[in-house]
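Asker: Got a structure for you, written out below as structure tokens; questions coming shortly.
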Amino acid sequence: MSHVPPAPGRPGGPSGVAPAWRGQRGLVPDDAVLPAGRDTAGWGVHRVMGMETEFGVHAPDNPGAGHTVLSTEVVNAYADVVTAEGGSVAGTEWDYGEESPLVDARGWQLPRSAAHPTQLTDRPLTDDDGNPVHLVMNLVLPNGARFYVDHAHPEYSAPETTNPLDAMVWDQAGDRVALAASRRIAQAPGEPQVLLYKNNTDNKSVSYGAHENYLVTRALDFDELAARLLPFFAARQVVCGAGRVGIGTTGRTPGFQISQRADFFEEQVGLETTIRRPIVNTRDEPHADQERYRRLHVIIGDANLSQYATWLRCGMTALVLSMIELGTCPVLELRDPVEALQSISHDPTLGTTVGLVDGRRLTGLDLMDLYRDAAAAHVERFGMTDPATLDVLQAWGETLELLRTDPAALADRLDWVAKHQLLSGYRQRHGVGWDDPRIGMLDLQYADLRPDKGLHAALVRRGSMRTLVPEETVQRAVHTPPEDTRAWARGRTVGVFGQHVVGASWDTLLLRRDGEGRLYRFHQREPLSATAQQMAGVYDDGAAPGSFDRLLAALSGAQEDPRA
Amino acid sequence: MSQQYSGSRSEREEDLPEPAPAPAGGSAQAGTTDLDSLLDEIDSVLETNAEEFVKGFVQKGGQ
């Protein structure tokens, strides 16, 4: 490895800590040449990443039901879907004040939220025969994802993946998980439908997130990271915005804007995620070796339905992070990043300019051109010439070019363009304004997960919206974890050895043989360990003699972290 | 070295479609026919009680 040793004072991590790139072998090539004093946790578009979706939850026929109750119903319904198919999930129960760490969700019953909309916080639910009804609030799924009640929303947190295409596939898998839960409720006799929306606002002042997570090196100065990201995050919506009807947090001013989220941000950098939202979030909880890595928690993004927009959003961001880590990112400083974010969002004609500290005024597209051109030079300089990286770079350039010359051509790829074209067409046909309730309905319905109601789904069905992978690929990701991260061991252990799992989280697996006796605790601080390759053969037959011992040995071996 | 780190899902990366050529006559024109037929479909799919439905879609705080 011809790695240039770190310069004094800027080591690849705190003293004595191996640099991040050494934990990311397989992503960062062994013959990579890094600039002096720089460390990286990714290469090209390859980086540990994962997305989260908080779904909007709505029960029009059950207006009294609380959102936490509805979200609980959704999560429990999915536990039922999996266990009814003979699979297993790892779940933690709603805590009634006593310790109740784990629930075997088999035998789950509907919580009857219609009849008891407020009962959840009072006392344990019972069925008609007086038996306790278990409510799971947090599930780890056989695909390595987490599906849980996050206050007033059901949230899907995708398993760790290593490139933007996989990040997109396992994000889409979350949409299918949520849809399956909603359908399960719809099939229950007498249970009011619970509808789910992959959007970010109710247009009544409330917003909920669609977050991304990227592993970055701890050696990177956070102030530098934040400063480089701010202009990019203000501008990238021109590619990956989801489109929104109404201006302002309550949508009161009639109009159409590019981003669902822009109007809900007030700060540049900060820790909050629910109030005074910052463009760059400082939450520092890596769920990995914290001396080596930071998890960049990105809260600025819109929930994308489009596969193309999701893929490009993660791919562009991964390339910008690679540039920041290796010191090649354009140094741009907006005079007012929050104002810039909102003015760019408020102008779907893309003509609005925003002020830079150096006196220039640039459009969102101009800013994105600068990042894209720098990314092309970066990729060439470091020889990041693998197909996945070049695909992103090519699509990024083509998208910017079309946004300038023929934006309508992107209606088959970008959510905001598709939505804008659809709603503009509807306005024209019916002679109505942006403030017509039917236009608001179309905005909402674009994100309806039901295939027969969702407008994005209709576009896909008609072939009017591109997809990047066949539906079977997404379906496989509903049931199977990514092979190349620790999500493999997490998901497969839950799916194959469910009866032995007493706890599972991003970096920990707790096992007891048949749920009894000695506790085996496995802590996995390296996201690229415990992969399908390392765990080969372990999950072939969970019932075979010695299989549990083989699992323990393999998890133990993976924990040793041969990469460090 | 490209095989080593070009992602474990290489078979899917190959699934990535080539960028479609621009439709003859320009995308705007080709899109209009498609849009018309889509709008026809939407008229039948749109929730009938739009005003009430949109008003009733109220969420609690999120991240």
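The way I read the labels, and the way they are meant: chains A, B, ... in the order of the structure tokens, residue 1 as the first residue of every chain, and ligand 1 as the first ligand shown, with later ones counted on from there.
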Could you pull the residues within 12 Å of stretch 327-332 of chain A, counting only C-alpha atoms, minus those fewer than 4 positions along the same chain, as a PDB file with C-alpha atoms, in the first residue's frame?
Answerer:
ATOM      1  CA  LEU A  34      -4.319   9.451  -0.162  1.00  0.00           C
ATOM      2  CA  PRO A  35      -3.131  13.054   0.163  1.00  0.00           C
ATOM      3  CA  ALA A  36      -0.906  13.664   3.168  1.00  0.00           C
ATOM      4  CA  GLY A  37      -2.831  14.149   6.379  1.00  0.00           C
ATOM      5  CA  ARG A  38      -6.066  12.838   4.918  1.00  0.00           C
ATOM      6  CA  ASP A  39      -8.092   9.775   5.822  1.00  0.00           C
ATOM      7  CA  THR A  40     -11.232   8.436   4.195  1.00  0.00           C
ATOM      8  CA  LEU A 220     -12.076  14.861   9.408  1.00  0.00           C
ATOM      9  CA  ASP A 221     -12.565  18.177  11.139  1.00  0.00           C
ATOM     10  CA  GLU A 224     -14.671  21.709   7.670  1.00  0.00           C
ATOM     11  CA  LEU A 225     -17.215  18.987   6.894  1.00  0.00           C
ATOM     12  CA  ALA A 226     -20.139  21.246   7.790  1.00  0.00           C
ATOM     13  CA  ALA A 227     -18.808  24.237   5.870  1.00  0.00           C
ATOM     14  CA  ARG A 228     -18.305  22.213   2.675  1.00  0.00           C
ATOM     15  CA  LEU A 229     -21.691  20.531   2.950  1.00  0.00           C
ATOM     16  CA  LEU A 230     -23.838  23.630   3.523  1.00  0.00           C
ATOM     17  CA  PRO A 231     -23.860  24.951  -0.076  1.00  0.00           C
ATOM     18  CA  PHE A 232     -24.265  21.432  -1.464  1.00  0.00           C
ATOM     19  CA  PHE A 233     -27.218  20.710   0.800  1.00  0.00           C
ATOM     20  CA  ALA A 234     -28.813  24.036  -0.135  1.00  0.00           C
ATOM     21  CA  ALA A 235     -28.493  23.173  -3.831  1.00  0.00           C
ATOM     22  CA  THR A 317     -23.601  12.982  -1.639  1.00  0.00           C
ATOM     23  CA  ALA A 318     -21.118  10.102  -1.406  1.00  0.00           C
ATOM     24  CA  LEU A 319     -18.921  11.764  -4.027  1.00  0.00           C
ATOM     25  CA  VAL A 320     -19.060  15.108  -2.230  1.00  0.00           C
ATOM     26  CA  LEU A 321     -18.078  13.366   1.013  1.00  0.00           C
ATOM     27  CA  SER A 322     -15.165  11.700  -0.759  1.00  0.00           C
ATOM     28  CA  MET A 323     -14.040  15.130  -1.986  1.00  0.00           C
ATOM     29  CA  ASP A 336     -27.205  32.851   4.145  1.00  0.00           C
ATOM     30  CA  PRO A 337     -27.503  29.092   3.608  1.00  0.00           C
ATOM     31  CA  VAL A 354     -28.243  33.137  -4.153  1.00  0.00           C
ATOM     32  CA  GLY A 355     -25.422  35.225  -2.759  1.00  0.00           C
ATOM     33  CA  LEU A 356     -21.975  33.937  -1.924  1.00  0.00           C
ATOM     34  CA  VAL A 357     -19.630  35.565   0.555  1.00  0.00           C
ATOM     35  CA  ASP A 358     -17.209  36.318  -2.309  1.00  0.00           C
ATOM     36  CA  GLY A 359     -19.880  38.470  -3.958  1.00  0.00           C
ATOM     37  CA  ARG A 360     -20.944  36.061  -6.695  1.00  0.00           C
ATOM     38  CA  ARG A 361     -24.607  35.256  -7.268  1.00  0.00           C
ATOM     39  CA  LEU A 362     -25.256  31.706  -8.450  1.00  0.00           C
ATOM     40  CA  ASP A 366     -24.652  26.730 -10.993  1.00  0.00           C
ATOM     41  CA  LEU A 367     -23.702  25.460  -7.561  1.00  0.00           C
ATOM     42  CA  MET A 368     -24.407  21.864  -8.559  1.00  0.00           C
ATOM     43  CA  ASP A 369     -22.303  22.300 -11.708  1.00  0.00           C
ATOM     44  CA  LEU A 370     -19.359  23.328  -9.553  1.00  0.00           C
ATOM     45  CA  TYR A 371     -19.708  20.232  -7.373  1.00  0.00           C
ATOM     46  CA  ARG A 372     -20.215  17.968 -10.358  1.00  0.00           C
ATOM     47  CA  ASP A 373     -17.195  19.313 -12.241  1.00  0.00           C
ATOM     48  CA  ALA A 374     -15.048  19.013  -9.131  1.00  0.00           C
ATOM     49  CA  ALA A 375     -16.301  15.456  -8.622  1.00  0.00           C
ATOM     50  CA  ALA A 376     -15.316  14.551 -12.187  1.00  0.00           C
ATOM     51  CA  ALA A 377     -11.801  15.896 -11.602  1.00  0.00           C
ATOM     52  CA  HIS A 378     -11.641  14.153  -8.221  1.00  0.00           C
ATOM     53  CA  VAL A 379     -12.633  10.804  -9.677  1.00  0.00           C
ATOM     54  CA  GLU A 380     -10.026  11.143 -12.396  1.00  0.00           C
ATOM     55  CA  ARG A 381      -7.263  12.242 -10.039  1.00  0.00           C
ATOM     56  CA  PHE A 382      -7.750   9.294  -7.708  1.00  0.00           C
TER      57      PHE A 382
END
Asker: Pick out the residues sitting within 9 Å of A:Phe147, and hand them over as a PyMOL selection string; count only C-alpha atoms, and ignore anything fewer than 4 positions along from it in its own chain.
Answerer: chain A and resi 75+78+137-141+154-158+174+177-178
Asker: Next, dump the selected residues to file, keeping only all heavy atoms, as an mmCIF file, in the first residue's frame.
Answerer:
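In the end it all went to out06.cif:
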data_model
loop_
_atom_site.group_PDB
_atom_site.id
_atom_site.type_symbol
_atom_site.label_atom_id
_atom_site.label_comp_id
_atom_site.auth_asym_id
_atom_site.auth_seq_id
_atom_site.Cartn_x
_atom_site.Cartn_y
_atom_site.Cartn_z
ATOM 1 N N VAL A 75 -46.484 -1.254 12.995
ATOM 2 C CA VAL A 75 -45.294 -2.063 13.311
ATOM 3 C C VAL A 75 -45.720 -3.485 13.716
ATOM 4 O O VAL A 75 -45.122 -4.472 13.271
ATOM 5 C CB VAL A 75 -44.461 -1.377 14.417
ATOM 6 C CG1 VAL A 75 -43.369 -2.312 14.942
ATOM 7 C CG2 VAL A 75 -43.835 -0.088 13.878
ATOM 8 N N TYR A 78 -46.741 -5.567 10.767
ATOM 9 C CA TYR A 78 -45.647 -6.143 9.985
ATOM 10 C C TYR A 78 -45.032 -7.352 10.687
ATOM 11 O O TYR A 78 -44.658 -8.331 10.038
ATOM 12 C CB TYR A 78 -44.566 -5.114 9.639
ATOM 13 C CG TYR A 78 -43.647 -5.691 8.583
ATOM 14 C CD1 TYR A 78 -44.135 -5.914 7.293
ATOM 15 C CD2 TYR A 78 -42.348 -6.091 8.873
ATOM 16 C CE1 TYR A 78 -43.342 -6.510 6.323
ATOM 17 C CE2 TYR A 78 -41.544 -6.688 7.898
ATOM 18 C CZ TYR A 78 -42.055 -6.896 6.629
ATOM 19 O OH TYR A 78 -41.279 -7.497 5.673
ATOM 20 N N MET A 137 -42.808 -2.482 19.780
ATOM 21 C CA MET A 137 -42.587 -1.088 19.406
ATOM 22 C C MET A 137 -41.361 -0.949 18.519
ATOM 23 O O MET A 137 -41.126 0.103 17.947
ATOM 24 C CB MET A 137 -42.367 -0.231 20.664
ATOM 25 C CG MET A 137 -43.478 -0.335 21.674
ATOM 26 S SD MET A 137 -45.055 0.222 20.995
ATOM 27 C CE MET A 137 -44.827 1.989 21.036
ATOM 28 N N ASN A 138 -40.577 -2.011 18.470
ATOM 29 C CA ASN A 138 -39.293 -1.925 17.801
ATOM 30 C C ASN A 138 -38.967 -3.295 17.232
ATOM 31 O O ASN A 138 -38.908 -4.267 17.976
ATOM 32 C CB ASN A 138 -38.230 -1.511 18.834
ATOM 33 C CG ASN A 138 -36.841 -1.509 18.248
ATOM 34 O OD1 ASN A 138 -36.649 -1.210 17.072
ATOM 35 N ND2 ASN A 138 -35.865 -1.864 19.068
ATOM 36 N N LEU A 139 -38.800 -3.377 15.936
ATOM 37 C CA LEU A 139 -38.496 -4.654 15.299
ATOM 38 C C LEU A 139 -37.157 -4.589 14.582
ATOM 39 O O LEU A 139 -36.827 -3.576 13.970
ATOM 40 C CB LEU A 139 -39.550 -4.989 14.235
ATOM 41 C CG LEU A 139 -40.992 -5.176 14.681
ATOM 42 C CD1 LEU A 139 -41.865 -5.364 13.442
ATOM 43 C CD2 LEU A 139 -41.115 -6.377 15.604
ATOM 44 N N VAL A 140 -36.406 -5.668 14.672
ATOM 45 C CA VAL A 140 -35.290 -5.869 13.754
ATOM 46 C C VAL A 140 -35.741 -6.941 12.771
ATOM 47 O O VAL A 140 -36.200 -8.015 13.168
ATOM 48 C CB VAL A 140 -34.009 -6.275 14.492
ATOM 49 C CG1 VAL A 140 -32.907 -6.588 13.490
ATOM 50 C CG2 VAL A 140 -33.565 -5.147 15.420
ATOM 51 N N LEU A 141 -35.659 -6.614 11.498
ATOM 52 C CA LEU A 141 -36.251 -7.454 10.453
ATOM 53 C C LEU A 141 -35.226 -8.412 9.856
ATOM 54 O O LEU A 141 -34.018 -8.186 9.941
ATOM 55 C CB LEU A 141 -36.825 -6.568 9.341
ATOM 56 C CG LEU A 141 -37.810 -5.485 9.761
ATOM 57 C CD1 LEU A 141 -38.335 -4.743 8.531
ATOM 58 C CD2 LEU A 141 -38.969 -6.073 10.565
ATOM 59 N N PRO A 154 -44.472 5.592 12.081
ATOM 60 C CA PRO A 154 -43.717 4.366 11.865
ATOM 61 C C PRO A 154 -42.464 4.717 11.073
ATOM 62 O O PRO A 154 -42.546 5.484 10.112
ATOM 63 C CB PRO A 154 -44.659 3.481 11.030
ATOM 64 C CG PRO A 154 -45.750 4.366 10.545
ATOM 65 C CD PRO A 154 -45.665 5.699 11.221
ATOM 66 N N GLU A 155 -41.335 4.194 11.514
ATOM 67 C CA GLU A 155 -40.085 4.516 10.826
ATOM 68 C C GLU A 155 -39.368 3.242 10.398
ATOM 69 O O GLU A 155 -39.263 2.282 11.160
ATOM 70 C CB GLU A 155 -39.169 5.344 11.737
ATOM 71 C CG GLU A 155 -37.798 5.579 11.102
ATOM 72 C CD GLU A 155 -37.009 6.726 11.723
ATOM 73 O OE1 GLU A 155 -37.619 7.579 12.402
ATOM 74 O OE2 GLU A 155 -35.796 6.776 11.509
ATOM 75 N N TYR A 156 -38.875 3.268 9.178
ATOM 76 C CA TYR A 156 -38.046 2.180 8.644
ATOM 77 C C TYR A 156 -36.627 2.707 8.523
ATOM 78 O O TYR A 156 -36.406 3.728 7.870
ATOM 79 C CB TYR A 156 -38.581 1.762 7.279
ATOM 80 C CG TYR A 156 -37.686 0.799 6.507
ATOM 81 C CD1 TYR A 156 -37.813 -0.572 6.672
ATOM 82 C CD2 TYR A 156 -36.737 1.272 5.609
ATOM 83 C CE1 TYR A 156 -37.005 -1.455 5.947
ATOM 84 C CE2 TYR A 156 -35.926 0.397 4.890
ATOM 85 C CZ TYR A 156 -36.068 -0.964 5.069
ATOM 86 O OH TYR A 156 -35.277 -1.831 4.356
ATOM 87 N N SER A 157 -35.682 2.057 9.180
ATOM 88 C CA SER A 157 -34.273 2.401 9.025
ATOM 89 C C SER A 157 -33.610 1.261 8.282
ATOM 90 O O SER A 157 -33.530 0.144 8.790
ATOM 91 C CB SER A 157 -33.592 2.595 10.383
ATOM 92 O OG SER A 157 -34.148 3.704 11.041
ATOM 93 N N ALA A 158 -33.132 1.554 7.100
ATOM 94 C CA ALA A 158 -32.592 0.520 6.221
ATOM 95 C C ALA A 158 -31.292 -0.050 6.796
ATOM 96 O O ALA A 158 -30.586 0.624 7.541
ATOM 97 C CB ALA A 158 -32.328 1.107 4.839
ATOM 98 N N GLY A 174 -38.114 -0.771 2.219
ATOM 99 C CA GLY A 174 -38.856 -0.219 3.352
ATOM 100 C C GLY A 174 -40.253 0.231 2.958
ATOM 101 O O GLY A 174 -41.207 0.097 3.734
ATOM 102 N N VAL A 177 -42.247 -2.878 2.882
ATOM 103 C CA VAL A 177 -42.526 -3.315 4.257
ATOM 104 C C VAL A 177 -43.727 -2.537 4.805
ATOM 105 O O VAL A 177 -44.688 -3.112 5.330
ATOM 106 C CB VAL A 177 -41.283 -3.095 5.159
ATOM 107 C CG1 VAL A 177 -41.653 -3.152 6.640
ATOM 108 C CG2 VAL A 177 -40.201 -4.126 4.830
ATOM 109 N N ALA A 178 -43.680 -1.220 4.648
ATOM 110 C CA ALA A 178 -44.755 -0.372 5.164
ATOM 111 C C ALA A 178 -46.074 -0.693 4.462
ATOM 112 O O ALA A 178 -47.135 -0.775 5.100
ATOM 113 C CB ALA A 178 -44.392 1.098 4.977
#
Asker: Just give me the gap between atom CA of A:Gln524 and atom CA of A:Thr92 in Å, one decimal is fine.
Answerer: 20.2 Å
Asker: Can you pull out the residues contacting A:Thr493? Cut-off 12 Å, using only C-alpha atoms, and skip same-chain residues under 2 positions away; I want them as number ranges by chain.
Answerer: A: 87-90, 140-144, 480-481, 486-491, 495-505, 508-511, 522, 530-532, 535, 538-542, 547-548, 550-552, 554-555
Asker: Please report, as CSV, each residue of stretch 352-438 of chain A lying at most 9 Å from stretch 31-51 of chain B, together with the nearest pair of atoms and the separation in Å rounded to one decimal; use only C-alpha atoms, and order rows by chain and ascending residue number.
Answerer:
residue,atom,partner,partner_atom,distance
A:Ala408,CA,B:Gly31,CA,7.9
A:Ala409,CA,B:Gly31,CA,8.0
A:Ala411,CA,B:Gly31,CA,8.6
A:Gln421,CA,B:Leu35,CA,8.2
A:Leu422,CA,B:Leu35,CA,7.0
A:Gly425,CA,B:Leu35,CA,7.2
A:Tyr426,CA,B:Leu39,CA,6.6
A:Arg429,CA,B:Leu39,CA,8.6
A:Asp436,CA,B:Glu51,CA,8.4
A:Pro437,CA,B:Glu51,CA,4.9
A:Arg438,CA,B:Ala50,CA,5.4
Asker: Could you go through stretch 458-538 of chain A and tell me which residues DSSP, when run on the backbone, assigns to alpha helix (DSSP H), listing them as a PyMOL selection string?
Answerer: chain A and resi 458-461+471-479+487-496
Asker: Find the residue from A:Ala458, A:Ala553, A:Met49, A:Ala18 that sits nearest to chain B; use only C-alpha atoms when measuring.
Answerer: A:Ala458
Asker: Which residue, A:Gly190, A:Gly64, A:Gly243, A:Gly517, has the smallest gap to chain B when you use only C-alpha atoms?
Answerer: A:Gly64
Asker: Enter the distance from atom CA of A:Asp443 to atom CA of A:Gly397, in Å, rounded to one decimal.
Answerer: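 It comes out at 28.0 Å.
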